[in-house]
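This is data_4.cif. It holds mmCIF, C-alpha atoms.
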```
data_structure
#
loop_
_atom_site.group_PDB
_atom_site.id
_atom_site.type_symbol
_atom_site.label_atom_id
_atom_site.label_comp_id
_atom_site.auth_asym_id
_atom_site.auth_seq_id
_atom_site.Cartn_x
_atom_site.Cartn_y
_atom_site.Cartn_z
ATOM 1 C CA MET A 1 51.689 74.715 123.034
ATOM 2 C CA GLN A 2 50.597 75.396 119.476
ATOM 3 C CA SER A 3 48.631 78.490 120.520
ATOM 4 C CA LYS A 4 51.699 79.871 122.300
ATOM 5 C CA SER A 5 53.854 79.255 119.220
ATOM 6 C CA LEU A 6 51.292 80.904 116.973
ATOM 7 C CA PHE A 7 51.095 83.900 119.312
ATOM 8 C CA ALA A 8 54.877 84.285 119.284
ATOM 9 C CA LEU A 9 54.959 84.105 115.478
ATOM 10 C CA LEU A 10 52.212 86.710 115.096
ATOM 11 C CA SER A 11 53.944 89.010 117.615
ATOM 12 C CA ALA A 12 57.219 88.768 115.698
ATOM 13 C CA LEU A 13 55.487 89.561 112.413
ATOM 14 C CA ALA A 14 53.711 92.567 113.946
ATOM 15 C CA LEU A 15 56.972 93.916 115.351
ATOM 16 C CA SER A 16 58.703 93.430 112.018
ATOM 17 C CA SER A 17 56.000 95.320 110.105
ATOM 18 C CA ALA A 18 55.885 98.125 112.676
ATOM 19 C CA SER A 19 59.671 98.604 112.722
ATOM 20 C CA PRO A 20 61.068 97.867 109.257
ATOM 21 C CA LEU A 21 64.824 97.539 109.038
ATOM 22 C CA ARG A 22 66.530 100.524 107.431
ATOM 23 C CA PRO A 23 68.783 99.613 104.515
ATOM 24 C CA ALA A 24 72.474 99.908 105.316
ATOM 25 C CA VAL A 25 73.968 103.027 103.740
ATOM 26 C CA THR A 26 77.702 103.630 103.512
ATOM 27 C CA PRO A 27 78.573 107.343 103.223
ATOM 28 C CA THR A 28 80.454 108.100 100.011
ATOM 29 C CA LEU A 29 83.074 110.850 99.858
ATOM 30 C CA PRO A 30 81.706 113.673 97.665
ATOM 31 C CA THR A 31 83.217 114.461 94.271
ATOM 32 C CA THR A 32 83.115 117.649 92.224
ATOM 33 C CA GLY A 33 81.338 115.808 89.419
ATOM 34 C CA SER A 34 83.945 116.273 86.695
ATOM 35 C CA GLY A 35 87.677 116.564 86.073
ATOM 36 C CA THR A 36 90.445 115.480 88.409
ATOM 37 C CA GLN A 37 89.299 114.156 91.777
ATOM 38 C CA LEU A 38 91.013 113.736 95.119
ATOM 39 C CA GLU A 39 92.501 110.310 95.773
ATOM 40 C CA GLY A 40 90.123 108.255 97.882
ATOM 41 C CA PRO A 41 90.656 106.983 101.437
ATOM 42 C CA GLY A 42 91.482 103.405 100.407
ATOM 43 C CA SER A 43 90.953 101.020 103.307
ATOM 44 C CA ALA A 44 90.714 103.783 105.924
ATOM 45 C CA THR A 45 87.496 103.863 107.967
ATOM 46 C CA LEU A 46 85.235 106.910 108.149
ATOM 47 C CA LYS A 47 85.024 108.205 111.723
ATOM 48 C CA HIS A 48 83.210 111.529 111.406
ATOM 49 C CA ILE A 49 81.601 113.864 108.928
ATOM 50 C CA LEU A 50 81.969 117.395 110.269
ATOM 51 C CA VAL A 51 80.753 120.815 109.274
ATOM 52 C CA GLY A 52 83.204 123.611 109.993
ATOM 53 C CA HIS A 53 82.478 127.339 110.167
ATOM 54 C CA GLY A 54 85.124 129.994 110.596
ATOM 55 C CA ILE A 55 87.608 132.147 108.690
ATOM 56 C CA GLN A 56 90.379 131.655 106.158
ATOM 57 C CA ASN A 57 93.301 134.011 106.852
ATOM 58 C CA TYR A 58 95.532 135.638 104.227
ATOM 59 C CA THR A 59 98.281 138.209 103.896
ATOM 60 C CA CYS A 60 99.412 140.370 100.960
ATOM 61 C CA SER A 61 103.014 140.979 99.912
ATOM 62 C CA ALA A 62 102.126 143.891 97.633
ATOM 63 C CA ALA A 63 99.251 145.658 95.943
ATOM 64 C CA ALA A 64 97.772 143.515 93.149
ATOM 65 C CA ALA A 65 99.617 140.424 94.475
ATOM 66 C CA THR A 66 97.780 137.172 95.084
ATOM 67 C CA ALA A 67 97.013 136.892 98.799
ATOM 68 C CA ALA A 68 98.903 134.070 100.521
ATOM 69 C CA SER A 69 97.174 131.743 102.960
ATOM 70 C CA ILE A 70 98.361 131.976 106.553
ATOM 71 C CA GLY A 71 95.945 129.460 108.052
ATOM 72 C CA ALA A 72 92.380 129.122 109.202
ATOM 73 C CA LEU A 73 90.248 129.016 112.329
ATOM 74 C CA ALA A 74 86.985 127.114 112.590
ATOM 75 C CA VAL A 75 84.681 125.349 114.993
ATOM 76 C CA VAL A 76 83.583 121.877 113.839
ATOM 77 C CA TRP A 77 80.408 119.911 114.627
ATOM 78 C CA ASP A 78 79.479 116.281 113.947
ATOM 79 C CA ILE A 79 76.921 115.863 111.138
ATOM 80 C CA THR A 80 77.500 112.150 110.477
ATOM 81 C CA ASP A 81 73.912 111.266 111.391
ATOM 82 C CA LEU A 82 72.591 113.802 108.879
ATOM 83 C CA TYR A 83 74.067 111.862 105.934
ATOM 84 C CA PRO A 84 71.204 110.682 103.686
ATOM 85 C CA GLY A 85 69.720 107.309 104.589
ATOM 86 C CA THR A 86 71.782 106.598 107.699
ATOM 87 C CA SER A 87 69.520 107.629 110.585
ATOM 88 C CA PRO A 88 66.066 108.975 111.445
ATOM 89 C CA SER A 89 67.545 112.496 111.383
ATOM 90 C CA SER A 90 69.077 112.092 107.902
ATOM 91 C CA LEU A 91 68.686 114.896 105.372
ATOM 92 C CA SER A 92 67.859 114.543 101.703
ATOM 93 C CA THR A 93 70.829 114.444 99.339
ATOM 94 C CA ASP A 94 70.256 118.031 98.211
ATOM 95 C CA GLU A 95 69.895 119.266 101.784
ATOM 96 C CA PHE A 96 73.077 117.518 102.850
ATOM 97 C CA ASN A 97 75.103 118.752 99.898
ATOM 98 C CA THR A 98 74.040 122.368 100.509
ATOM 99 C CA LEU A 99 74.370 122.232 104.295
ATOM 100 C CA THR A 100 77.607 124.241 104.292
ATOM 101 C CA SER A 101 75.842 127.060 102.461
ATOM 102 C CA ARG A 102 73.003 126.993 104.988
ATOM 103 C CA VAL A 103 75.426 127.140 107.903
ATOM 104 C CA LEU A 104 77.396 129.995 106.307
ATOM 105 C CA ARG A 105 74.301 132.085 105.665
ATOM 106 C CA THR A 106 72.072 131.359 108.663
ATOM 107 C CA THR A 107 74.367 130.845 111.667
ATOM 108 C CA ALA A 108 76.536 133.356 113.502
ATOM 109 C CA MET A 109 80.316 133.368 113.155
ATOM 110 C CA PRO A 110 81.374 131.003 115.996
ATOM 111 C CA LEU A 111 84.595 132.854 116.888
ATOM 112 C CA ASN A 112 85.576 135.604 119.289
ATOM 113 C CA LEU A 113 86.248 138.406 116.834
ATOM 114 C CA ALA A 114 88.959 141.043 117.220
ATOM 115 C CA ALA A 115 87.877 144.379 118.650
ATOM 116 C CA ASP A 116 89.356 146.301 115.688
ATOM 117 C CA GLY A 117 86.511 145.277 113.371
ATOM 118 C CA SER A 118 88.855 143.616 110.870
ATOM 119 C CA GLY A 119 86.839 140.408 110.779
ATOM 120 C CA GLY A 120 89.753 138.479 112.219
ATOM 121 C CA ALA A 121 89.635 136.483 115.430
ATOM 122 C CA ASP A 122 90.858 137.614 118.824
ATOM 123 C CA VAL A 123 94.487 136.482 118.949
ATOM 124 C CA ALA A 124 94.549 135.656 122.655
ATOM 125 C CA SER A 125 91.229 133.788 122.755
ATOM 126 C CA PRO A 126 89.812 132.965 119.297
ATOM 127 C CA PHE A 127 87.339 130.276 120.389
ATOM 128 C CA PRO A 128 84.323 130.721 122.665
ATOM 129 C CA ALA A 129 83.169 128.020 125.077
ATOM 130 C CA PRO A 130 82.177 124.786 123.288
ATOM 131 C CA ALA A 131 78.511 124.665 122.268
ATOM 132 C CA ASP A 132 76.327 122.509 120.062
ATOM 133 C CA LEU A 133 74.997 124.150 116.892
ATOM 134 C CA LYS A 134 71.399 124.893 115.985
ATOM 135 C CA ILE A 135 70.926 124.934 112.193
ATOM 136 C CA GLU A 136 67.861 126.521 110.662
ATOM 137 C CA GLY A 137 65.354 123.911 109.447
ATOM 138 C CA ILE A 138 66.994 120.977 111.262
ATOM 139 C CA ALA A 139 65.462 119.467 114.387
ATOM 140 C CA GLY A 140 67.580 119.559 117.517
ATOM 141 C CA THR A 141 71.249 120.521 117.469
ATOM 142 C CA VAL A 142 74.445 119.047 116.065
ATOM 143 C CA LYS A 143 77.178 118.087 118.501
ATOM 144 C CA PHE A 144 80.263 120.230 119.056
ATOM 145 C CA LEU A 145 83.315 118.134 118.209
ATOM 146 C CA GLY A 146 86.268 120.502 118.317
ATOM 147 C CA HIS A 147 88.412 123.143 116.667
ATOM 148 C CA HIS A 148 90.400 123.527 113.469
ATOM 149 C CA PHE A 149 93.433 125.818 113.457
ATOM 150 C CA PHE A 150 97.043 126.074 112.293
ATOM 151 C CA ASP A 151 99.664 125.544 114.998
ATOM 152 C CA GLU A 152 102.889 127.468 115.594
ATOM 153 C CA THR A 153 104.590 125.543 112.766
ATOM 154 C CA ASN A 154 101.729 126.396 110.370
ATOM 155 C CA THR A 155 100.482 122.787 110.461
ATOM 156 C CA PRO A 156 96.749 122.271 109.862
ATOM 157 C CA THR A 157 95.381 120.866 113.101
ATOM 158 C CA PHE A 158 92.083 119.365 114.236
ATOM 159 C CA ASP A 159 91.644 119.039 117.992
ATOM 160 C CA LEU A 160 88.507 116.922 118.367
ATOM 161 C CA SER A 161 88.110 117.315 122.107
ATOM 162 C CA GLY A 162 84.370 116.714 121.845
ATOM 163 C CA ALA A 163 84.983 113.113 120.768
ATOM 164 C CA ASN A 164 86.312 112.409 124.288
ATOM 165 C CA ASP A 165 88.907 109.924 123.059
ATOM 166 C CA GLY A 166 91.960 112.101 122.474
ATOM 167 C CA GLU A 167 91.543 112.477 118.706
ATOM 168 C CA LEU A 168 94.075 114.943 117.299
ATOM 169 C CA PHE A 169 95.136 115.474 113.700
ATOM 170 C CA LYS A 170 98.331 117.157 112.504
ATOM 171 C CA GLY A 171 98.260 117.054 108.723
ATOM 172 C CA LYS A 172 100.020 117.903 105.505
ATOM 173 C CA ARG A 173 98.419 118.749 102.209
ATOM 174 C CA ASP A 174 98.491 115.873 99.722
ATOM 175 C CA ALA A 175 96.398 117.446 96.983
ATOM 176 C CA GLY A 176 93.826 120.092 96.198
ATOM 177 C CA ILE A 177 91.262 120.627 93.438
ATOM 178 C CA PRO A 178 89.080 123.636 92.628
ATOM 179 C CA ALA A 179 85.590 123.712 94.065
ATOM 180 C CA PRO A 180 82.826 123.222 91.470
ATOM 181 C CA SER A 181 81.838 126.309 89.506
ATOM 182 C CA ASP A 182 78.395 126.296 91.125
ATOM 183 C CA ALA A 183 79.736 126.212 94.702
ATOM 184 C CA ASP A 184 78.563 128.946 97.072
ATOM 185 C CA LYS A 185 80.935 131.877 96.502
ATOM 186 C CA GLY A 186 80.369 133.217 99.998
ATOM 187 C CA GLU A 187 78.688 136.230 101.465
ATOM 188 C CA ASP A 188 80.313 139.573 102.261
ATOM 189 C CA PRO A 189 82.595 139.084 100.402
ATOM 190 C CA ALA A 190 81.469 136.726 97.611
ATOM 191 C CA THR A 191 85.003 135.807 96.581
ATOM 192 C CA GLY A 192 84.532 132.141 95.682
ATOM 193 C CA ALA A 193 84.704 128.777 97.417
ATOM 194 C CA VAL A 194 88.074 127.535 98.651
ATOM 195 C CA ASP A 195 89.607 124.408 97.117
ATOM 196 C CA TRP A 196 88.750 120.888 98.177
ATOM 197 C CA LEU A 197 91.708 119.238 99.939
ATOM 198 C CA ARG A 198 93.127 115.884 100.968
ATOM 199 C CA LEU A 199 95.261 116.032 104.116
ATOM 200 C CA SER A 200 97.251 113.099 105.496
ATOM 201 C CA ASP A 201 98.848 112.474 108.876
ATOM 202 C CA LYS A 202 102.130 114.297 109.387
ATOM 203 C CA GLY A 203 103.218 111.585 111.799
ATOM 204 C CA THR A 204 102.014 112.869 115.169
ATOM 205 C CA SER A 205 98.247 112.451 114.875
ATOM 206 C CA VAL A 206 96.177 110.438 117.344
ATOM 207 C CA GLY A 207 93.269 108.341 116.089
ATOM 208 C CA ILE A 208 93.059 110.059 112.682
ATOM 209 C CA SER A 209 94.970 109.364 109.471
ATOM 210 C CA LEU A 210 93.165 111.397 106.783
ATOM 211 C CA VAL A 211 90.997 114.507 106.559
ATOM 212 C CA TYR A 212 89.210 115.754 103.448
ATOM 213 C CA ARG A 213 87.854 119.281 103.002
ATOM 214 C CA VAL A 214 84.897 119.148 100.608
ATOM 215 C CA LEU A 215 81.633 120.951 99.752
ATOM 216 C CA THR A 216 83.221 124.295 100.552
ATOM 217 C CA ALA A 217 81.405 127.637 100.637
ATOM 218 C CA GLY A 218 83.215 130.985 100.566
ATOM 219 C CA GLY A 219 86.705 131.573 101.908
ATOM 220 C CA ASN A 220 88.728 132.781 98.910
ATOM 221 C CA PRO A 221 90.680 136.039 99.356
ATOM 222 C CA GLU A 222 89.860 139.455 97.946
ATOM 223 C CA PRO A 223 92.307 141.248 95.611
ATOM 224 C CA CYS A 224 95.295 142.720 97.451
ATOM 225 C CA THR A 225 95.314 146.498 97.713
ATOM 226 C CA ASP A 226 98.377 147.081 99.930
ATOM 227 C CA ALA A 227 101.541 145.381 101.095
ATOM 228 C CA GLY A 228 101.017 143.899 104.528
ATOM 229 C CA GLN A 229 97.240 143.779 104.128
ATOM 230 C CA ASN A 230 95.658 140.948 106.122
ATOM 231 C CA GLN A 231 92.329 139.355 105.281
ATOM 232 C CA SER A 232 89.974 137.082 107.198
ATOM 233 C CA ILE A 233 87.296 135.608 104.937
ATOM 234 C CA PRO A 234 84.273 133.669 106.286
ATOM 235 C CA TYR A 235 83.872 130.099 105.025
ATOM 236 C CA THR A 236 82.235 126.781 105.736
ATOM 237 C CA ALA A 237 83.204 123.271 104.658
ATOM 238 C CA GLN A 238 82.538 119.646 105.335
ATOM 239 C CA TYR A 239 85.460 117.717 106.796
ATOM 240 C CA TRP A 240 85.465 113.939 106.332
ATOM 241 C CA VAL A 241 87.668 112.309 108.960
ATOM 242 C CA TYR A 242 89.193 108.830 108.539
ATOM 243 C CA ALA A 243 91.382 106.431 110.507
ATOM 244 C CA ASN A 244 93.442 103.434 109.411
#
```
Let's see the structure in the file written out as structure tokens.
Amino acid sequence: MQSKSLFALLSALALSSASPLRPAVTPTLPTTGSGTQLEGPGSATLKHILVGHGIQNYTCSAAAATAASIGALAVVWDITDLYPGTSPSSLSTDEFNTLTSRVLRTTAMPLNLAADGSGGADVASPFPAPADLKIEGIAGTVKFLGHHFFDETNTPTFDLSGANDGELFKGKRDAGIPAPSDADKGEDPATGAVDWLRLSDKGTSVGISLVYRVLTAGGNPEPCTDAGQNQSIPYTAQYWVYAN
């Protein structure tokens, strides 16, 4: 009896030493490091951390005017498991914080582009078939989770069909703050990183109450040269998705 008990104790100790418990890590919403910050999520629960890659769309009312936003299109993938310290596939803090820049500069634009060469998306069919994303330097792929777009009422929308639970977000802008001065300004054109945003449920969302746009790269408009000029500027961002 004693030998069996001793064997069980030694087996448990061996298993414990071979498979140490990972410390629990709670992902923390990024900040710009100084100045005014976005209001936090309060008691809402984090559901997903996403990386989005696509285009910010603008139009110009006149030459030399500031281009006005007319929406965005992006594909989003789930990078929750890449958050530092949360899983065997976790990245370092620096790698995670610069992931949007890596995606912008090393992966192809994930949209069906218009045939006119404008850089905009095909109006009739902007999104290709869903596919997981391979990111340079990261083992495996990250899971396709859905699409970000603006609907017919110009409402920012996230259709997370890849979550397979009906998650849909229709949001309104609560607040925005400038991206940090050292944020990736983008590539062709290097116009600057779009603002960080806090979006809250407009009242018709399913399974999502808050979305934050943070760690942005690229996406700001170029100077307007003509009235009626349209622009589509490549960008990437992390989207932190919460539910009450």
Run the PyMOL selection byres ((chain A and resi 144) around 9) on the file and write out the hits as number ranges by chain.
A: 75-78, 130-133, 142-143, 145-147, 160-163
Could the residues in this selection be written to a file with C-alpha atoms, as a tab-separated table (two decimals), in the frame of the given file?
```tsv
chain	number	residue	atom	x	y	z
A	75	VAL	CA	84.68	125.35	114.99
A	76	VAL	CA	83.58	121.88	113.84
A	77	TRP	CA	80.41	119.91	114.63
A	78	ASP	CA	79.48	116.28	113.95
A	130	PRO	CA	82.18	124.79	123.29
A	131	ALA	CA	78.51	124.66	122.27
A	132	ASP	CA	76.33	122.51	120.06
A	133	LEU	CA	75.00	124.15	116.89
A	142	VAL	CA	74.44	119.05	116.06
A	143	LYS	CA	77.18	118.09	118.50
A	145	LEU	CA	83.32	118.13	118.21
A	146	GLY	CA	86.27	120.50	118.32
A	147	HIS	CA	88.41	123.14	116.67
A	160	LEU	CA	88.51	116.92	118.37
A	161	SER	CA	88.11	117.32	122.11
A	162	GLY	CA	84.37	116.71	121.84
A	163	ALA	CA	84.98	113.11	120.77
```
May I have the protein, DNA and RNA residues with an atom at most 9 Å from (68.3, 112.3, 112.7), counting all atoms listed in the file in the file's coordinates, returned as a list in words?
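The residues near that point, listed by chain and number, are Asp81, Leu82, Tyr83, Thr86, Ser87, Pro88, Ser89, Ser90, Leu91, Ile138, Ala139 and Gly140 of chain A.
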Residues from last step as file, C-alpha atoms, as a PDB file, in the frame of the given file:
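Contents of the output file selection_11.pdb:
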```pdb
ATOM      1  CA  ASP A  81      73.912 111.266 111.391  1.00  0.00           C
ATOM      2  CA  LEU A  82      72.591 113.802 108.879  1.00  0.00           C
ATOM      3  CA  TYR A  83      74.067 111.862 105.934  1.00  0.00           C
ATOM      4  CA  THR A  86      71.782 106.598 107.699  1.00  0.00           C
ATOM      5  CA  SER A  87      69.520 107.629 110.585  1.00  0.00           C
ATOM      6  CA  PRO A  88      66.066 108.975 111.445  1.00  0.00           C
ATOM      7  CA  SER A  89      67.545 112.496 111.383  1.00  0.00           C
ATOM      8  CA  SER A  90      69.077 112.092 107.902  1.00  0.00           C
ATOM      9  CA  LEU A  91      68.686 114.896 105.372  1.00  0.00           C
ATOM     10  CA  ILE A 138      66.994 120.977 111.262  1.00  0.00           C
ATOM     11  CA  ALA A 139      65.462 119.467 114.387  1.00  0.00           C
ATOM     12  CA  GLY A 140      67.580 119.559 117.517  1.00  0.00           C
TER      13      GLY A 140
END
```
Please write as a list in words the full residue list that the PyMOL selection byres ((chain A and resi 127) around 7) yields on this file.
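Matching residues under the PyMOL selection byres ((chain A and resi 127) around 7) are Leu111, Asn112, Ser125, Pro126, Pro128 and Ala129 of chain A.
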Using all atoms listed in the file, tabulate the residues of segment 136-225 of chain A lying at most 8 Å from any atom of segment 58-65 of chain A, each with its closest atom pair and that distance in Å to one decimal, by chain and increasing residue number, as JSON lines.
```
{"residue": "A:Pro221", "atom": "CA", "partner": "A:Tyr58", "partner_atom": "CA", "distance": 6.9}
{"residue": "A:Pro223", "atom": "CA", "partner": "A:Ala64", "partner_atom": "CA", "distance": 6.4}
{"residue": "A:Cys224", "atom": "CA", "partner": "A:Ala64", "partner_atom": "CA", "distance": 5.0}
{"residue": "A:Thr225", "atom": "CA", "partner": "A:Ala63", "partner_atom": "CA", "distance": 4.4}
```
List the residues selected by the PyMOL selection byres ((chain A and resi 47-51) around 7) in the file shown, writing them as a PyMOL selection string.
chain A and resi 45-46+52-53+76-80+100+237-243
Could you save those same residues with C-alpha atoms as a PDB file, in the coordinates of the input?
```pdb
ATOM      1  CA  THR A  45      87.496 103.863 107.967  1.00  0.00           C
ATOM      2  CA  LEU A  46      85.235 106.910 108.149  1.00  0.00           C
ATOM      3  CA  GLY A  52      83.204 123.611 109.993  1.00  0.00           C
ATOM      4  CA  HIS A  53      82.478 127.339 110.167  1.00  0.00           C
ATOM      5  CA  VAL A  76      83.583 121.877 113.839  1.00  0.00           C
ATOM      6  CA  TRP A  77      80.408 119.911 114.627  1.00  0.00           C
ATOM      7  CA  ASP A  78      79.479 116.281 113.947  1.00  0.00           C
ATOM      8  CA  ILE A  79      76.921 115.863 111.138  1.00  0.00           C
ATOM      9  CA  THR A  80      77.500 112.150 110.477  1.00  0.00           C
ATOM     10  CA  THR A 100      77.607 124.241 104.292  1.00  0.00           C
ATOM     11  CA  ALA A 237      83.204 123.271 104.658  1.00  0.00           C
ATOM     12  CA  GLN A 238      82.538 119.646 105.335  1.00  0.00           C
ATOM     13  CA  TYR A 239      85.460 117.717 106.796  1.00  0.00           C
ATOM     14  CA  TRP A 240      85.465 113.939 106.332  1.00  0.00           C
ATOM     15  CA  VAL A 241      87.668 112.309 108.960  1.00  0.00           C
ATOM     16  CA  TYR A 242      89.193 108.830 108.539  1.00  0.00           C
ATOM     17  CA  ALA A 243      91.382 106.431 110.507  1.00  0.00           C
TER      18      ALA A 243
END
```
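Distances to Leu104 of chain A were evaluated for A:Gly40, A:Gly54, A:Gly207, A:Gly33 using all atoms listed in the file, and the minimum falls at A:Gly54.
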Taking into account only C-alpha atoms, which residue in the set A:Ser34, A:Asn97, A:Asn164, A:Asn57 is nearest to Asp184 of chain A?
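So, comparing all the options, the nearest one is A:Asn97.
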Can you pull out every residue within 12 Å of Ser181 of chain A, counting all atoms listed in the file, but drop anything in the same chain fewer than 4 positions away, and send it as a PyMOL selection string?
chain A and resi 32-35+177+185+192-195+215-217
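Nearest to Gly42 of chain A of all the residues A:Thr191, A:Asn220, A:Asn244, A:Ser69 is A:Asn244, counting all atoms listed in the file.
If you measure from each of A:Ser92, A:Leu99, A:Tyr235, A:Ala227 to Ala67 of chain A using only C-alpha atoms, the closest one turns out to be A:Ala227.
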Tell me, as a list of chain:residue names, which residues lie within 6 Å of Ile233 of chain A, counting all atoms listed in the file; anything in the same chain fewer than 2 positions away does not count.
A:Ile55, A:Gln56, A:Gly219
Quick one, how far is atom CA of Ser209 of chain A from atom CA of Phe150 of chain A?
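Interatomic distance, atom CA of Ser209 of chain A to atom CA of Phe150 of chain A: 17.1 Å.
Atom CA of Gly119 of chain A sits 22.3 Å away from atom CA of Thr155 of chain A.
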In terms of all atoms listed in the file, the residue from A:Pro84, A:Gly71, A:Pro156, A:Pro189 at minimal distance from Tyr212 of chain A is A:Pro156
